[in-house]
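S.K.: Okay, here's the structure, questions in a sec.
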Amino acid sequence: MSQNNFLLEVQDLKKYYYKEGFLTSDKIPIRAVNGISFSIRKGETLGLVGESGCGKTTAGKSILRLIEPTSGQVFFKGQDIVRLDREGMRKLRPHMQFIFQDPYESLNPRMKVEEIVGEGLEVHRVARGKEKLRRVSELLEKVGLHPQDAQRYPHEFSGGQRQRIGIARAISLNPELIVADEPVSALDVSIQAQILNLLMDLRDQLGLTYLFISHDLRVVKYVSDRIAVMYMGKIVEMAHSEDLFKRPLHHYTQVLLKAIPKLDLSQIRERPLLKEEHPSPPSGHECLFQARCPHSREKCQTEEPVLLDEGEDHFVACHFVS
Amino acid sequence: MVKDDCGLRYPQMMESQLKVFWRYFKRNRLAIFGLIVIAVLFLIAGLAAFLAPYDPGQTNVALKLNRPSPHHYLGTDQLGRDVFSRMLYGSRISLSVGFVAVAISIFIGILVGAVAGYYGGWTDNILMRFVDTMLCFPTFFLILTVVALLGPGIFKIMVVIGITSWMGTSRFVRAEFLSLRERDFTQAAKALGVKDLRIIFRHILPNALAPVFVTATLDVATAILVEAGLSFLGFGVQPPAPSWGNILTEGRTYIFDAWWLTVFPGLAILMTVLSFNLLGEGLRDAIDPRLRGRR
């Protein structure tokens, strides 16, 4: 499977959290990520969308082993990184970086920008001292900040500037893969576009591959080559961006697309029906979306649909593809 | 001023954390009072040799148990030694015991708390059960036992107080670590491939230290009190070396004839402990933003 040009291959990745029952020793699993599989080619951007709490961020962090996955395999250039030991993983980390959602949380308040952006260089013995400062200045210029900003502390910057610092840190070790976890959702709309453009420019300049996590379909459409839609820890549909927007097959995707706010009032159609606001936790083998799906039939309650190719690389997990 | 992202930056836009801290701290008059008393105490301890009118060990039986007077500001004891001079030298003992013992206790507390909080799991479990066990011992009697076995002596006391009082520190250092290790900036360091030790010392510890210093201040007060207690019971600093605790003990016999032998060291201990407590509480309130509005 490593022969093809996939940079990242995720297979049946699971992350369960266990909630201990009151007065019993039974542990109730919470299936945050419930067996997702996908792959990303080098230079490609895969958008991962879904509502809050569907496991997007957990998936992203598990892939980089910032959270240890419960099971599954993650192949980076054909190597299963889940099986690597601590030190092996540490050595591989420069190749894959993470951009965080909240720029106010992701920078250590007690470190100067130089230390934040240059830490990777120092730890991996790429550069130190004056050479490190020179590289940090270059990185800061690359993300649209001033080289002098290296001597400042994070609290002296605005949200957008902080996100730029986070991006500079992420690209400091020349990674190939970047997992961007809602990199713009904490920012003002006017700044979102700047940061998105910066991410796209960097992708072209440095040949980056992105796993772009977001709940905002417009943002994802703008940056992604392919899009995967997640629902309750599973991928329900995955297709090329254009294709997904033109021909959404899963009812959940259709609902998501229709929920994008539109300015043109004449285009607003009747909202499609969602049956239940809060689906109960799944009991066994059923379609996870079945409780909310208006097209739900008997088969949906007894058999879980698998992700199947409907042609043109368009995968969907539904028994009754509309 | 309005924040924006159009390439403009206002370096002075936000105050540094230290300035904010000081602004809130100085509003607390009691804490300022504590700070001043402690500062004066440090001066006295440092300059005891110059300030003391007499040699603290110089006996003169002809002058025994004299009342406070212009010659002997705080009177003399049963051997005719100048109480004022002895108190000045005694402050050195109190402060050094307080600080050295707390330094030892903080060191152990941070080490145990950091390891337990960062690694979690069974490491955490073992260490925290050990802390629980340590907390089961009545500290003062544990110290008494150890001193009884090893014999009295100021350095032994510092060490023993230190190794019996780190549990509180380790508990909340652990709590801080538990929450800080989940923060994004720690995760970012992990993603960069920073080693555990460096994450602990460069990323987490600096952010966990402020509350440690607050409790440390409060712990100094406790340590001073414990030393005074030990010396009072005769297990602490041994005569003729003066400490507030043993001046108090020696004066106990003459409490009805020479009140100054017990009242002044007692007051000194009270003031010192009170000041450290006031300072500690002031620091805590100024550091914790949730408590800032209250005063």
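Order determines the names: the first chain of the structure tokens is A, the second B, and so forth; residues in each chain are numbered 1 upward, and ligands are numbered 1 upward as they are shown.
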With a distance cut-off of 12 Å and only C-alpha atoms, select the neighbouring residues of Arg125 (chain A), excluding the residue or stretch itself and same-chain residues fewer than 6 positions from it, and output the selection as a list of chain:residue names.
M.R.: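 My list of contacting residues is A:Lys91, A:Pro94, A:Gly118, A:Glu119, A:Glu131, A:Lys132, A:Leu173, B:Gly193, B:Val194.
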S.K.: Contacts from chain B to chain A, 6 Å maximum, only C-alpha atoms: show me the residue list as a VMD selection string.
M.R.: chain B and resid 11 184 to 185 192 to 193
S.K.: If you count only C-alpha atoms, which residues fall within 12 Å of region 144-160 of chain B, apart from same-chain ones fewer than 3 positions away, as a ChimeraX atom specification?
M.R.: /B:92-108,137-141,163-166,220,223-224,226-239,241-243
S.K.: Where in region 159-240 of chain B does DSSP assign alpha helix (DSSP H), given as a PDB file with N, CA and C atoms, in the first residue's frame?
M.R.:
ATOM      1  N   VAL B 159      15.935  20.556  57.426  1.00  0.00           N
ATOM      2  CA  VAL B 159      15.730  19.434  56.527  1.00  0.00           C
ATOM      3  C   VAL B 159      14.457  18.671  56.902  1.00  0.00           C
ATOM      4  N   VAL B 160      14.299  18.430  58.212  1.00  0.00           N
ATOM      5  CA  VAL B 160      13.138  17.647  58.631  1.00  0.00           C
ATOM      6  C   VAL B 160      11.835  18.397  58.334  1.00  0.00           C
ATOM      7  N   ILE B 161      11.805  19.690  58.613  1.00  0.00           N
ATOM      8  CA  ILE B 161      10.596  20.456  58.275  1.00  0.00           C
ATOM      9  C   ILE B 161      10.352  20.397  56.779  1.00  0.00           C
ATOM     10  N   GLY B 162      11.440  20.528  56.017  1.00  0.00           N
ATOM     11  CA  GLY B 162      11.319  20.499  54.553  1.00  0.00           C
ATOM     12  C   GLY B 162      10.730  19.195  54.049  1.00  0.00           C
ATOM     13  N   ILE B 163      11.261  18.074  54.541  1.00  0.00           N
ATOM     14  CA  ILE B 163      10.778  16.798  53.984  1.00  0.00           C
ATOM     15  C   ILE B 163       9.471  16.318  54.598  1.00  0.00           C
ATOM     16  N   MET B 167       3.912  18.056  50.809  1.00  0.00           N
ATOM     17  CA  MET B 167       2.782  17.361  50.190  1.00  0.00           C
ATOM     18  C   MET B 167       1.758  18.316  49.572  1.00  0.00           C
ATOM     19  N   GLY B 168       1.480  19.411  50.286  1.00  0.00           N
ATOM     20  CA  GLY B 168       0.524  20.380  49.744  1.00  0.00           C
ATOM     21  C   GLY B 168       1.003  20.916  48.405  1.00  0.00           C
ATOM     22  N   THR B 169       2.280  21.337  48.380  1.00  0.00           N
ATOM     23  CA  THR B 169       2.849  21.860  47.138  1.00  0.00           C
ATOM     24  C   THR B 169       2.731  20.836  46.015  1.00  0.00           C
ATOM     25  N   SER B 170       3.078  19.583  46.309  1.00  0.00           N
ATOM     26  CA  SER B 170       3.065  18.590  45.237  1.00  0.00           C
ATOM     27  C   SER B 170       1.652  18.371  44.721  1.00  0.00           C
ATOM     28  N   ARG B 171       0.675  18.456  45.609  1.00  0.00           N
ATOM     29  CA  ARG B 171      -0.701  18.246  45.174  1.00  0.00           C
ATOM     30  C   ARG B 171      -1.148  19.289  44.175  1.00  0.00           C
ATOM     31  N   PHE B 172      -0.875  20.561  44.473  1.00  0.00           N
ATOM     32  CA  PHE B 172      -1.408  21.487  43.477  1.00  0.00           C
ATOM     33  C   PHE B 172      -0.477  21.721  42.314  1.00  0.00           C
ATOM     34  N   VAL B 173       0.828  21.416  42.470  1.00  0.00           N
ATOM     35  CA  VAL B 173       1.678  21.406  41.273  1.00  0.00           C
ATOM     36  C   VAL B 173       1.163  20.335  40.315  1.00  0.00           C
ATOM     37  N   ARG B 174       0.783  19.208  40.873  1.00  0.00           N
ATOM     38  CA  ARG B 174       0.194  18.145  40.053  1.00  0.00           C
ATOM     39  C   ARG B 174      -1.066  18.637  39.344  1.00  0.00           C
ATOM     40  N   ALA B 175      -1.928  19.305  40.117  1.00  0.00           N
ATOM     41  CA  ALA B 175      -3.174  19.797  39.521  1.00  0.00           C
ATOM     42  C   ALA B 175      -2.878  20.767  38.372  1.00  0.00           C
ATOM     43  N   GLU B 176      -1.917  21.678  38.602  1.00  0.00           N
ATOM     44  CA  GLU B 176      -1.548  22.624  37.550  1.00  0.00           C
ATOM     45  C   GLU B 176      -1.028  21.876  36.320  1.00  0.00           C
ATOM     46  N   PHE B 177      -0.194  20.879  36.558  1.00  0.00           N
ATOM     47  CA  PHE B 177       0.386  20.117  35.454  1.00  0.00           C
ATOM     48  C   PHE B 177      -0.696  19.364  34.679  1.00  0.00           C
ATOM     49  N   LEU B 178      -1.642  18.804  35.420  1.00  0.00           N
ATOM     50  CA  LEU B 178      -2.718  18.072  34.761  1.00  0.00           C
ATOM     51  C   LEU B 178      -3.438  18.955  33.758  1.00  0.00           C
ATOM     52  N   SER B 179      -3.696  20.208  34.167  1.00  0.00           N
ATOM     53  CA  SER B 179      -4.430  21.053  33.231  1.00  0.00           C
ATOM     54  C   SER B 179      -3.495  21.650  32.172  1.00  0.00           C
ATOM     55  N   LEU B 180      -2.264  22.000  32.570  1.00  0.00           N
ATOM     56  CA  LEU B 180      -1.365  22.636  31.600  1.00  0.00           C
ATOM     57  C   LEU B 180      -0.893  21.669  30.512  1.00  0.00           C
ATOM     58  N   ASP B 184      -3.037  23.794  24.558  1.00  0.00           N
ATOM     59  CA  ASP B 184      -2.544  23.710  23.187  1.00  0.00           C
ATOM     60  C   ASP B 184      -1.054  23.981  23.068  1.00  0.00           C
ATOM     61  N   PHE B 185      -0.528  24.918  23.880  1.00  0.00           N
ATOM     62  CA  PHE B 185       0.891  25.224  23.679  1.00  0.00           C
ATOM     63  C   PHE B 185       1.785  24.071  24.109  1.00  0.00           C
ATOM     64  N   THR B 186       1.328  23.272  25.050  1.00  0.00           N
ATOM     65  CA  THR B 186       2.081  22.073  25.425  1.00  0.00           C
ATOM     66  C   THR B 186       1.996  21.034  24.313  1.00  0.00           C
ATOM     67  N   GLN B 187       0.785  20.900  23.762  1.00  0.00           N
ATOM     68  CA  GLN B 187       0.592  19.975  22.650  1.00  0.00           C
ATOM     69  C   GLN B 187       1.441  20.385  21.450  1.00  0.00           C
ATOM     70  N   ALA B 188       1.540  21.707  21.253  1.00  0.00           N
ATOM     71  CA  ALA B 188       2.336  22.205  20.131  1.00  0.00           C
ATOM     72  C   ALA B 188       3.799  21.815  20.319  1.00  0.00           C
ATOM     73  N   ALA B 189       4.279  21.933  21.556  1.00  0.00           N
ATOM     74  CA  ALA B 189       5.664  21.555  21.839  1.00  0.00           C
ATOM     75  C   ALA B 189       5.859  20.065  21.585  1.00  0.00           C
ATOM     76  N   LYS B 190       4.858  19.287  21.978  1.00  0.00           N
ATOM     77  CA  LYS B 190       4.930  17.847  21.747  1.00  0.00           C
ATOM     78  C   LYS B 190       4.963  17.568  20.242  1.00  0.00           C
ATOM     79  N   ALA B 191       4.132  18.303  19.504  1.00  0.00           N
ATOM     80  CA  ALA B 191       4.080  18.108  18.055  1.00  0.00           C
ATOM     81  C   ALA B 191       5.412  18.444  17.393  1.00  0.00           C
ATOM     82  N   LEU B 192       6.148  19.400  18.010  1.00  0.00           N
ATOM     83  CA  LEU B 192       7.459  19.763  17.448  1.00  0.00           C
ATOM     84  C   LEU B 192       8.504  18.700  17.753  1.00  0.00           C
ATOM     85  N   ASP B 196      10.265  15.358  26.790  1.00  0.00           N
ATOM     86  CA  ASP B 196       9.439  15.512  27.986  1.00  0.00           C
ATOM     87  C   ASP B 196      10.026  16.475  29.011  1.00  0.00           C
ATOM     88  N   LEU B 197      11.315  16.279  29.324  1.00  0.00           N
ATOM     89  CA  LEU B 197      11.925  17.103  30.370  1.00  0.00           C
ATOM     90  C   LEU B 197      11.866  18.575  30.010  1.00  0.00           C
ATOM     91  N   ARG B 198      12.107  18.866  28.738  1.00  0.00           N
ATOM     92  CA  ARG B 198      12.084  20.248  28.298  1.00  0.00           C
ATOM     93  C   ARG B 198      10.659  20.804  28.321  1.00  0.00           C
ATOM     94  N   LEU B 205       6.256  24.269  33.759  1.00  0.00           N
ATOM     95  CA  LEU B 205       6.642  24.784  35.072  1.00  0.00           C
ATOM     96  C   LEU B 205       6.539  26.309  35.201  1.00  0.00           C
ATOM     97  N   PRO B 206       7.082  27.084  34.221  1.00  0.00           N
ATOM     98  CA  PRO B 206       6.976  28.539  34.377  1.00  0.00           C
ATOM     99  C   PRO B 206       5.547  29.017  34.526  1.00  0.00           C
ATOM    100  N   ASN B 207       4.609  28.289  33.914  1.00  0.00           N
ATOM    101  CA  ASN B 207       3.209  28.683  34.004  1.00  0.00           C
ATOM    102  C   ASN B 207       2.541  28.185  35.278  1.00  0.00           C
ATOM    103  N   ALA B 208       3.236  27.296  36.002  1.00  0.00           N
ATOM    104  CA  ALA B 208       2.645  26.730  37.219  1.00  0.00           C
ATOM    105  C   ALA B 208       3.261  27.344  38.472  1.00  0.00           C
ATOM    106  N   LEU B 209       4.303  28.192  38.296  1.00  0.00           N
ATOM    107  CA  LEU B 209       5.066  28.634  39.462  1.00  0.00           C
ATOM    108  C   LEU B 209       4.374  29.663  40.342  1.00  0.00           C
ATOM    109  N   ALA B 210       3.599  30.564  39.728  1.00  0.00           N
ATOM    110  CA  ALA B 210       3.028  31.666  40.505  1.00  0.00           C
ATOM    111  C   ALA B 210       2.284  31.175  41.747  1.00  0.00           C
ATOM    112  N   PRO B 211       1.341  30.239  41.614  1.00  0.00           N
ATOM    113  CA  PRO B 211       0.658  29.769  42.821  1.00  0.00           C
ATOM    114  C   PRO B 211       1.586  29.037  43.794  1.00  0.00           C
ATOM    115  N   VAL B 212       2.678  28.466  43.274  1.00  0.00           N
ATOM    116  CA  VAL B 212       3.627  27.801  44.162  1.00  0.00           C
ATOM    117  C   VAL B 212       4.240  28.819  45.120  1.00  0.00           C
ATOM    118  N   PHE B 213       4.586  29.992  44.594  1.00  0.00           N
ATOM    119  CA  PHE B 213       5.192  31.003  45.451  1.00  0.00           C
ATOM    120  C   PHE B 213       4.215  31.513  46.500  1.00  0.00           C
ATOM    121  N   VAL B 214       2.951  31.543  46.132  1.00  0.00           N
ATOM    122  CA  VAL B 214       1.946  31.976  47.096  1.00  0.00           C
ATOM    123  C   VAL B 214       1.914  31.025  48.292  1.00  0.00           C
ATOM    124  N   THR B 215       1.780  29.747  48.017  1.00  0.00           N
ATOM    125  CA  THR B 215       1.742  28.811  49.153  1.00  0.00           C
ATOM    126  C   THR B 215       3.079  28.771  49.860  1.00  0.00           C
ATOM    127  N   ALA B 216       4.157  28.982  49.110  1.00  0.00           N
ATOM    128  CA  ALA B 216       5.473  28.980  49.749  1.00  0.00           C
ATOM    129  C   ALA B 216       5.513  30.056  50.824  1.00  0.00           C
ATOM    130  N   THR B 217       4.965  31.229  50.501  1.00  0.00           N
ATOM    131  CA  THR B 217       4.946  32.320  51.472  1.00  0.00           C
ATOM    132  C   THR B 217       4.188  31.904  52.724  1.00  0.00           C
ATOM    133  N   LEU B 218       3.044  31.261  52.496  1.00  0.00           N
ATOM    134  CA  LEU B 218       2.262  30.807  53.644  1.00  0.00           C
ATOM    135  C   LEU B 218       3.020  29.717  54.410  1.00  0.00           C
ATOM    136  N   ASP B 219       3.747  28.868  53.659  1.00  0.00           N
ATOM    137  CA  ASP B 219       4.506  27.788  54.299  1.00  0.00           C
ATOM    138  C   ASP B 219       5.646  28.324  55.160  1.00  0.00           C
ATOM    139  N   VAL B 220       6.228  29.453  54.754  1.00  0.00           N
ATOM    140  CA  VAL B 220       7.304  30.047  55.546  1.00  0.00           C
ATOM    141  C   VAL B 220       6.777  30.337  56.948  1.00  0.00           C
ATOM    142  N   ALA B 221       5.567  30.882  56.999  1.00  0.00           N
ATOM    143  CA  ALA B 221       4.959  31.183  58.290  1.00  0.00           C
ATOM    144  C   ALA B 221       4.846  29.918  59.141  1.00  0.00           C
ATOM    145  N   THR B 222       4.359  28.853  58.528  1.00  0.00           N
ATOM    146  CA  THR B 222       4.206  27.590  59.254  1.00  0.00           C
ATOM    147  C   THR B 222       5.563  27.081  59.740  1.00  0.00           C
ATOM    148  N   ALA B 223       6.551  27.129  58.872  1.00  0.00           N
ATOM    149  CA  ALA B 223       7.878  26.620  59.229  1.00  0.00           C
ATOM    150  C   ALA B 223       8.460  27.389  60.413  1.00  0.00           C
ATOM    151  N   ILE B 224       8.285  28.719  60.396  1.00  0.00           N
ATOM    152  CA  ILE B 224       8.784  29.542  61.498  1.00  0.00           C
ATOM    153  C   ILE B 224       8.102  29.135  62.802  1.00  0.00           C
ATOM    154  N   LEU B 225       6.809  28.894  62.691  1.00  0.00           N
ATOM    155  CA  LEU B 225       6.035  28.495  63.861  1.00  0.00           C
ATOM    156  C   LEU B 225       6.493  27.130  64.379  1.00  0.00           C
ATOM    157  N   VAL B 226       6.750  26.212  63.471  1.00  0.00           N
ATOM    158  CA  VAL B 226       7.201  24.878  63.861  1.00  0.00           C
ATOM    159  C   VAL B 226       8.567  24.963  64.550  1.00  0.00           C
ATOM    160  N   GLU B 227       9.453  25.779  63.996  1.00  0.00           N
ATOM    161  CA  GLU B 227      10.779  25.936  64.608  1.00  0.00           C
ATOM    162  C   GLU B 227      10.646  26.510  66.021  1.00  0.00           C
ATOM    163  N   ALA B 228       9.782  27.529  66.132  1.00  0.00           N
ATOM    164  CA  ALA B 228       9.586  28.132  67.455  1.00  0.00           C
ATOM    165  C   ALA B 228       9.044  27.087  68.424  1.00  0.00           C
ATOM    166  N   GLY B 229       8.108  26.282  67.922  1.00  0.00           N
ATOM    167  CA  GLY B 229       7.526  25.240  68.749  1.00  0.00           C
ATOM    168  C   GLY B 229       8.568  24.230  69.188  1.00  0.00           C
ATOM    169  N   LEU B 230       9.393  23.800  68.241  1.00  0.00           N
ATOM    170  CA  LEU B 230      10.443  22.831  68.558  1.00  0.00           C
ATOM    171  C   LEU B 230      11.425  23.396  69.578  1.00  0.00           C
ATOM    172  N   SER B 231      11.842  24.638  69.353  1.00  0.00           N
ATOM    173  CA  SER B 231      12.783  25.253  70.273  1.00  0.00           C
ATOM    174  C   SER B 231      12.160  25.412  71.660  1.00  0.00           C
ATOM    175  N   PHE B 232      10.859  25.705  71.640  1.00  0.00           N
ATOM    176  CA  PHE B 232      10.137  25.850  72.908  1.00  0.00           C
ATOM    177  C   PHE B 232      10.165  24.536  73.680  1.00  0.00           C
TER     178      PHE B 232
END
S.K.: So that I can see what lies close to region 28-34 of chain B, please list as a VMD selection string the residues with an atom at most 12 Å from it, counting only C-alpha atoms and leaving out residues fewer than 5 positions away in the same chain.
M.R.: chain B and resid 21 to 23 39 to 41 217 to 218 221 270 to 286 291 to 295
S.K.: Return the single residue from B:Gly113, B:Gly266, B:Pro240, B:Gly46 that is closest to Leu88 (chain B), with distances computed using only C-alpha atoms.
M.R.: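 Using only C-alpha atoms, the shortest distance to Leu88 (chain B) belongs to B:Gly46.
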S.K.: Would you please extract all strand (DSSP E) residues from region 142-261 of chain A, as assigned by DSSP on the backbone, and give them as a list in words?
M.R.: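 Everything in region 142-261 of chain A that counts as strand (DSSP E) is Leu177, Ile178, Val179, Ala180, Asp181, Thr209, Tyr210, Leu211, Phe212, Ile213, Ser214, Arg226, Ile227, Ala228, Val229, Met230, Tyr231, Lys234, Ile235, Val236, Glu237, Met238, Ala239 and His240 of chain A.
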S.K.: Excluding Arg134 (chain A) and any residue of its chain fewer than 5 positions from it, enumerate the residues within 10 Å of it, using only C-alpha atoms, and give them as a PyMOL selection string.
M.R.: chain A and resi 114+118+127-129+139-140+147
S.K.: Write the residues of the selection above to a file with C-alpha atoms, as a CSV table (one decimal), in the first residue's frame.
M.R.:
chain,number,residue,atom,x,y,z
A,114,GLU,CA,11.8,33.8,18.9
A,118,GLY,CA,12.7,28.6,17.0
A,127,ALA,CA,20.1,25.8,14.2
A,128,ARG,CA,20.9,27.7,17.3
A,129,GLY,CA,22.1,31.1,18.5
A,139,LEU,CA,9.9,32.4,9.0
A,140,LEU,CA,8.2,35.5,10.4
A,147,PRO,CA,11.6,40.1,12.0
S.K.: For CA of Ile63 (chain A) and CA of Leu208 (chain A), quote the distance in Å rounded to one decimal.
M.R.: 16.6 Å
S.K.: Got a sec: who's within 12 Å of region 297-308 of chain A, counting only C-alpha atoms, leaving out chain neighbours fewer than 6 positions off, as a PyMOL selection string?
M.R.: chain A and resi 12+35-38+228-230+234-239+249-250+282-291+314-321
S.K.: Write the residues of the preceding selection, restricted to N, CA and C atoms, as a tab-separated table (two decimals), in the first residue's frame.
M.R.:
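Result written to part-v8.tsv:
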chain	number	residue	atom	x	y	z
A	12	ASP	N	-9.02	2.68	9.58
A	12	ASP	CA	-9.84	2.24	10.70
A	12	ASP	C	-9.39	2.84	12.03
A	35	GLY	N	-13.57	4.53	13.84
A	35	GLY	CA	-13.15	3.79	12.65
A	35	GLY	C	-13.22	4.60	11.38
A	36	ILE	N	-12.29	5.55	11.22
A	36	ILE	CA	-12.29	6.31	9.97
A	36	ILE	C	-11.08	5.90	9.13
A	37	SER	N	-11.28	5.91	7.83
A	37	SER	CA	-10.21	5.58	6.89
A	37	SER	C	-10.23	6.60	5.77
A	38	PHE	N	-9.06	7.08	5.42
A	38	PHE	CA	-8.95	7.95	4.24
A	38	PHE	C	-7.48	8.08	3.90
A	228	ALA	N	-14.10	15.30	3.20
A	228	ALA	CA	-14.70	14.17	3.89
A	228	ALA	C	-15.68	14.72	4.91
A	229	VAL	N	-16.88	14.19	4.97
A	229	VAL	CA	-17.89	14.65	5.91
A	229	VAL	C	-17.98	13.64	7.05
A	230	MET	N	-17.83	14.14	8.27
A	230	MET	CA	-17.88	13.25	9.43
A	230	MET	C	-19.19	13.43	10.18
A	234	LYS	N	-17.74	9.01	12.42
A	234	LYS	CA	-17.53	8.24	11.19
A	234	LYS	C	-17.55	9.15	9.99
A	235	ILE	N	-16.88	8.72	8.95
A	235	ILE	CA	-16.96	9.45	7.70
A	235	ILE	C	-18.18	8.94	6.95
A	236	VAL	N	-19.11	9.84	6.60
A	236	VAL	CA	-20.33	9.40	5.91
A	236	VAL	C	-20.25	9.66	4.41
A	237	GLU	N	-19.41	10.61	4.01
A	237	GLU	CA	-19.29	10.86	2.58
A	237	GLU	C	-17.93	11.49	2.30
A	238	MET	N	-17.35	11.12	1.18
A	238	MET	CA	-16.05	11.68	0.82
A	238	MET	C	-15.99	11.79	-0.69
A	239	ALA	N	-15.65	12.97	-1.19
A	239	ALA	CA	-15.63	13.16	-2.64
A	239	ALA	C	-14.77	14.37	-2.98
A	249	LEU	N	-24.56	13.10	-1.87
A	249	LEU	CA	-25.35	11.88	-1.91
A	249	LEU	C	-25.95	11.53	-0.56
A	250	HIS	N	-25.21	11.79	0.52
A	250	HIS	CA	-25.71	11.45	1.84
A	250	HIS	C	-26.68	12.53	2.30
A	282	PRO	N	-25.73	5.41	19.99
A	282	PRO	CA	-26.08	4.21	19.23
A	282	PRO	C	-25.96	2.96	20.08
A	283	SER	N	-26.86	2.01	19.84
A	283	SER	CA	-26.86	0.81	20.66
A	283	SER	C	-26.06	-0.31	20.02
A	284	GLY	N	-26.13	-0.45	18.73
A	284	GLY	CA	-25.42	-1.58	18.13
A	284	GLY	C	-25.17	-1.34	16.66
A	285	HIS	N	-25.71	-2.20	15.85
A	285	HIS	CA	-25.41	-2.13	14.42
A	285	HIS	C	-26.54	-1.42	13.70
A	286	GLU	N	-26.45	-0.13	13.67
A	286	GLU	CA	-27.43	0.59	12.87
A	286	GLU	C	-26.73	1.76	12.23
A	287	CYS	N	-27.41	2.38	11.28
A	287	CYS	CA	-26.87	3.59	10.69
A	287	CYS	C	-26.93	4.69	11.75
A	288	LEU	N	-25.80	5.36	11.99
A	288	LEU	CA	-25.75	6.32	13.09
A	288	LEU	C	-26.65	7.52	12.83
A	289	PHE	N	-26.95	7.73	11.57
A	289	PHE	CA	-27.73	8.91	11.21
A	289	PHE	C	-29.22	8.59	11.18
A	290	GLN	N	-29.54	7.31	11.33
A	290	GLN	CA	-30.90	6.84	11.09
A	290	GLN	C	-31.93	7.54	11.95
A	291	ALA	N	-31.57	7.90	13.18
A	291	ALA	CA	-32.54	8.53	14.06
A	291	ALA	C	-32.98	9.90	13.54
A	314	HIS	N	-16.20	9.03	-5.44
A	314	HIS	CA	-17.22	9.58	-4.56
A	314	HIS	C	-17.71	8.47	-3.63
A	315	PHE	N	-17.32	8.56	-2.37
A	315	PHE	CA	-17.68	7.52	-1.41
A	315	PHE	C	-18.83	8.00	-0.53
A	316	VAL	N	-19.74	7.07	-0.24
A	316	VAL	CA	-20.84	7.45	0.63
A	316	VAL	C	-21.27	6.23	1.45
A	317	ALA	N	-21.66	6.51	2.71
A	317	ALA	CA	-22.11	5.43	3.58
A	317	ALA	C	-23.61	5.57	3.81
A	318	CYS	N	-24.41	4.99	2.92
A	318	CYS	CA	-25.86	5.04	3.05
A	318	CYS	C	-26.45	3.89	2.25
A	319	HIS	N	-27.47	3.23	2.82
A	319	HIS	CA	-28.10	2.12	2.12
A	319	HIS	C	-28.92	2.59	0.93
A	320	PHE	N	-29.49	3.75	1.05
A	320	PHE	CA	-30.42	4.23	0.03
A	320	PHE	C	-29.91	5.55	-0.52
A	321	VAL	N	-28.86	5.46	-1.34
A	321	VAL	CA	-28.28	6.68	-1.87
A	321	VAL	C	-29.31	7.41	-2.71
S.K.: So which residues touch Ser69 (chain B) within 12 Å, counting only C-alpha atoms, skipping near sequence neighbours fewer than 3 positions away, as number ranges by chain?
M.R.: B: 63, 65-66, 72-76, 82-84, 260
S.K.: From the list A:Cys54, A:Ile30, A:Tyr252, A:Pro261, which residue is nearest Ser296 (chain A) when using only C-alpha atoms?
M.R.: A:Tyr252
S.K.: Could you tell me which of A:Leu198, A:Val184, A:Val255, A:Leu7 comes closest to Pro294 (chain A) if we count only C-alpha atoms?
M.R.: A:Val255
